[in-house]
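Encoded as structure tokens, the structure appears first; notes follow it.
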Amino acid sequence: MDVVGKVNSGRSAPARVHGDRDGIIKVVGDKRYGKLVGGHIFGARATDLIQELVNAKSLEAGFPEVARIIHGHPMLS
């Protein structure tokens, strides 16, 4: 069974730095195994932010690993 998490990108510090209040961040995962299935990011500098999900998926990371990502501030990439 898949689980979907969505949040307005205005709640993300990197998006706020660039004045984006209208974007969306969506993450899809497998609830049973805690695996990342995929995600979507729409908004300012989305190409910088999506790379984290691409890397996590490539490394077969799950929700716990994605949740522990630490971001340098105010950098995006």
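Lettering and numbering for the structure tokens are positional, with chains as A, B, ... in the shown order, residues counted from 1 in each chain, and ligands counted from 1 in the shown order.
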
Env of A:Tyr33: 12 Å cut, atoms = only C-alpha atoms, seq-sep filter 6 positions within chain, self excluded. Answer as a list in words.
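Surrounding residues, per the criterion: Met1, Asp2, Val3, Glu60, Ala61, Gly62, Phe63 and Pro64 of chain A.
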
From a DSSP pass on the backbone, collect the residues of chain A flagged as helix (DSSP H, G or I) and hand them back as JSON, numbers by chain.
{"A": [9, 10, 11, 13, 14, 15, 16, 17, 46, 47, 48, 49, 50, 51, 52, 53, 54, 55, 56, 57, 58, 63, 64, 65, 66, 67]}

Deliver the residues from the most recent selection as a file, using N, CA and C atoms, as a PDB file, in the first residue's frame.
```pdb
ATOM      1  N   SER A   9       5.149  24.157  -0.582  1.00  0.00           N
ATOM      2  CA  SER A   9       6.584  24.438  -0.498  1.00  0.00           C
ATOM      3  C   SER A   9       6.888  25.700   0.295  1.00  0.00           C
ATOM      4  N   GLY A  10       5.882  26.518   0.556  1.00  0.00           N
ATOM      5  CA  GLY A  10       6.088  27.691   1.404  1.00  0.00           C
ATOM      6  C   GLY A  10       6.489  27.327   2.820  1.00  0.00           C
ATOM      7  N   ARG A  11       6.280  26.068   3.210  1.00  0.00           N
ATOM      8  CA  ARG A  11       6.692  25.595   4.531  1.00  0.00           C
ATOM      9  C   ARG A  11       8.142  25.123   4.531  1.00  0.00           C
ATOM     10  N   ALA A  13      12.046  25.881   4.109  1.00  0.00           N
ATOM     11  CA  ALA A  13      12.937  27.040   4.229  1.00  0.00           C
ATOM     12  C   ALA A  13      13.616  27.403   2.909  1.00  0.00           C
ATOM     13  N   PRO A  14      14.138  26.440   2.132  1.00  0.00           N
ATOM     14  CA  PRO A  14      14.762  26.822   0.864  1.00  0.00           C
ATOM     15  C   PRO A  14      13.802  27.520  -0.090  1.00  0.00           C
ATOM     16  N   ALA A  15      12.564  27.095  -0.130  1.00  0.00           N
ATOM     17  CA  ALA A  15      11.584  27.744  -1.008  1.00  0.00           C
ATOM     18  C   ALA A  15      11.265  29.146  -0.517  1.00  0.00           C
ATOM     19  N   ARG A  16      11.177  29.322   0.786  1.00  0.00           N
ATOM     20  CA  ARG A  16      10.891  30.652   1.337  1.00  0.00           C
ATOM     21  C   ARG A  16      11.996  31.634   1.011  1.00  0.00           C
ATOM     22  N   VAL A  17      13.247  31.160   1.002  1.00  0.00           N
ATOM     23  CA  VAL A  17      14.377  32.029   0.677  1.00  0.00           C
ATOM     24  C   VAL A  17      14.185  32.650  -0.702  1.00  0.00           C
ATOM     25  N   ALA A  46      12.934  23.961  -7.963  1.00  0.00           N
ATOM     26  CA  ALA A  46      12.543  22.560  -7.778  1.00  0.00           C
ATOM     27  C   ALA A  46      13.628  21.603  -8.251  1.00  0.00           C
ATOM     28  N   THR A  47      14.370  21.989  -9.281  1.00  0.00           N
ATOM     29  CA  THR A  47      15.407  21.102  -9.802  1.00  0.00           C
ATOM     30  C   THR A  47      16.524  20.885  -8.790  1.00  0.00           C
ATOM     31  N   ASP A  48      16.754  21.853  -7.913  1.00  0.00           N
ATOM     32  CA  ASP A  48      17.760  21.670  -6.854  1.00  0.00           C
ATOM     33  C   ASP A  48      17.230  20.742  -5.768  1.00  0.00           C
ATOM     34  N   LEU A  49      15.974  20.899  -5.424  1.00  0.00           N
ATOM     35  CA  LEU A  49      15.401  20.127  -4.328  1.00  0.00           C
ATOM     36  C   LEU A  49      15.114  18.675  -4.702  1.00  0.00           C
ATOM     37  N   ILE A  50      14.699  18.440  -5.932  1.00  0.00           N
ATOM     38  CA  ILE A  50      14.325  17.078  -6.336  1.00  0.00           C
ATOM     39  C   ILE A  50      15.524  16.136  -6.318  1.00  0.00           C
ATOM     40  N   GLN A  51      16.713  16.685  -6.442  1.00  0.00           N
ATOM     41  CA  GLN A  51      17.907  15.843  -6.465  1.00  0.00           C
ATOM     42  C   GLN A  51      18.056  15.020  -5.189  1.00  0.00           C
ATOM     43  N   GLU A  52      17.573  15.544  -4.076  1.00  0.00           N
ATOM     44  CA  GLU A  52      17.646  14.774  -2.829  1.00  0.00           C
ATOM     45  C   GLU A  52      16.826  13.491  -2.932  1.00  0.00           C
ATOM     46  N   LEU A  53      15.642  13.593  -3.531  1.00  0.00           N
ATOM     47  CA  LEU A  53      14.807  12.401  -3.694  1.00  0.00           C
ATOM     48  C   LEU A  53      15.397  11.444  -4.720  1.00  0.00           C
ATOM     49  N   VAL A  54      15.996  11.998  -5.771  1.00  0.00           N
ATOM     50  CA  VAL A  54      16.645  11.155  -6.782  1.00  0.00           C
ATOM     51  C   VAL A  54      17.789  10.366  -6.145  1.00  0.00           C
ATOM     52  N   ASN A  55      18.613  11.034  -5.353  1.00  0.00           N
ATOM     53  CA  ASN A  55      19.730  10.354  -4.687  1.00  0.00           C
ATOM     54  C   ASN A  55      19.229   9.301  -3.710  1.00  0.00           C
ATOM     55  N   ALA A  56      18.212   9.641  -2.929  1.00  0.00           N
ATOM     56  CA  ALA A  56      17.667   8.690  -1.964  1.00  0.00           C
ATOM     57  C   ALA A  56      17.112   7.454  -2.672  1.00  0.00           C
ATOM     58  N   LYS A  57      16.403   7.658  -3.761  1.00  0.00           N
ATOM     59  CA  LYS A  57      15.844   6.531  -4.518  1.00  0.00           C
ATOM     60  C   LYS A  57      16.951   5.666  -5.108  1.00  0.00           C
ATOM     61  N   SER A  58      17.985   6.321  -5.635  1.00  0.00           N
ATOM     62  CA  SER A  58      19.109   5.583  -6.227  1.00  0.00           C
ATOM     63  C   SER A  58      19.830   4.725  -5.193  1.00  0.00           C
ATOM     64  N   PHE A  63      12.095   6.083   4.243  1.00  0.00           N
ATOM     65  CA  PHE A  63      11.635   7.294   4.914  1.00  0.00           C
ATOM     66  C   PHE A  63      12.595   7.779   6.005  1.00  0.00           C
ATOM     67  N   PRO A  64      13.120   6.883   6.844  1.00  0.00           N
ATOM     68  CA  PRO A  64      14.002   7.352   7.915  1.00  0.00           C
ATOM     69  C   PRO A  64      15.241   8.084   7.387  1.00  0.00           C
ATOM     70  N   GLU A  65      15.808   7.598   6.299  1.00  0.00           N
ATOM     71  CA  GLU A  65      17.002   8.239   5.744  1.00  0.00           C
ATOM     72  C   GLU A  65      16.667   9.602   5.143  1.00  0.00           C
ATOM     73  N   VAL A  66      15.551   9.692   4.451  1.00  0.00           N
ATOM     74  CA  VAL A  66      15.151  10.972   3.859  1.00  0.00           C
ATOM     75  C   VAL A  66      14.846  11.985   4.965  1.00  0.00           C
ATOM     76  N   ALA A  67      14.222  11.538   6.037  1.00  0.00           N
ATOM     77  CA  ALA A  67      13.873  12.430   7.147  1.00  0.00           C
ATOM     78  C   ALA A  67      15.110  12.976   7.854  1.00  0.00           C
TER      79      ALA A  67
END
```

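Residues of chain A carrying a DSSP assignment of strand (DSSP E), computed from the backbone, are Asp2, Val3, Val4, Gly5, Lys6, Val7, Asn8, Ile24, Ile25, Lys26, Val27, Val28, Gly29, Asp30, Lys35, Leu36, Val37, Gly38, Gly39, His40, Ile41 and Phe42 of chain A.
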
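Closest approach to A:Asp20 from the set A:Leu36, A:Ile70, A:Ala44, A:Val7 is made by A:Ala44, with distances taken over only C-alpha atoms.
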
Can you pull out every residue within 8 Å of A:Lys6, counting only C-alpha atoms, but drop anything in the same chain fewer than 2 positions away, and send it as a list in words?
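Once the nearby chain positions are removed, what remains is Val4, Asn8, Ile24, Ile25, Lys26 and Val27 of chain A.
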
Next, dump the selected residues to file, keeping only C-alpha atoms, as an mmCIF file, in the first residue's frame.
```
data_model
loop_
_atom_site.group_PDB
_atom_site.id
_atom_site.type_symbol
_atom_site.label_atom_id
_atom_site.label_comp_id
_atom_site.auth_asym_id
_atom_site.auth_seq_id
_atom_site.Cartn_x
_atom_site.Cartn_y
_atom_site.Cartn_z
ATOM 1 C CA VAL A 4 1.410 10.012 -0.008
ATOM 2 C CA ASN A 8 3.014 23.473 0.363
ATOM 3 C CA ILE A 24 4.081 21.757 -3.857
ATOM 4 C CA ILE A 25 6.277 18.981 -2.500
ATOM 5 C CA LYS A 26 4.841 15.455 -2.720
ATOM 6 C CA VAL A 27 6.524 12.232 -1.623
#
```

Please indicate the distance in Å from atom CA of A:His40 to atom CA of A:Val28, rounded to one decimal place.
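Computing it gives 8.6 Å between the two atoms.
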
So how many Å separate atom CA of A:Ser12 and atom CA of A:Gly29, to one decimal?
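If I compute the distance from atom CA of A:Ser12 to atom CA of A:Gly29, I get 19.6 Å.
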
Gap from atom CA of A:Gly39 to atom CA of A:Ile69 - Å, one decimal
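These two atoms are separated by 15.6 Å.
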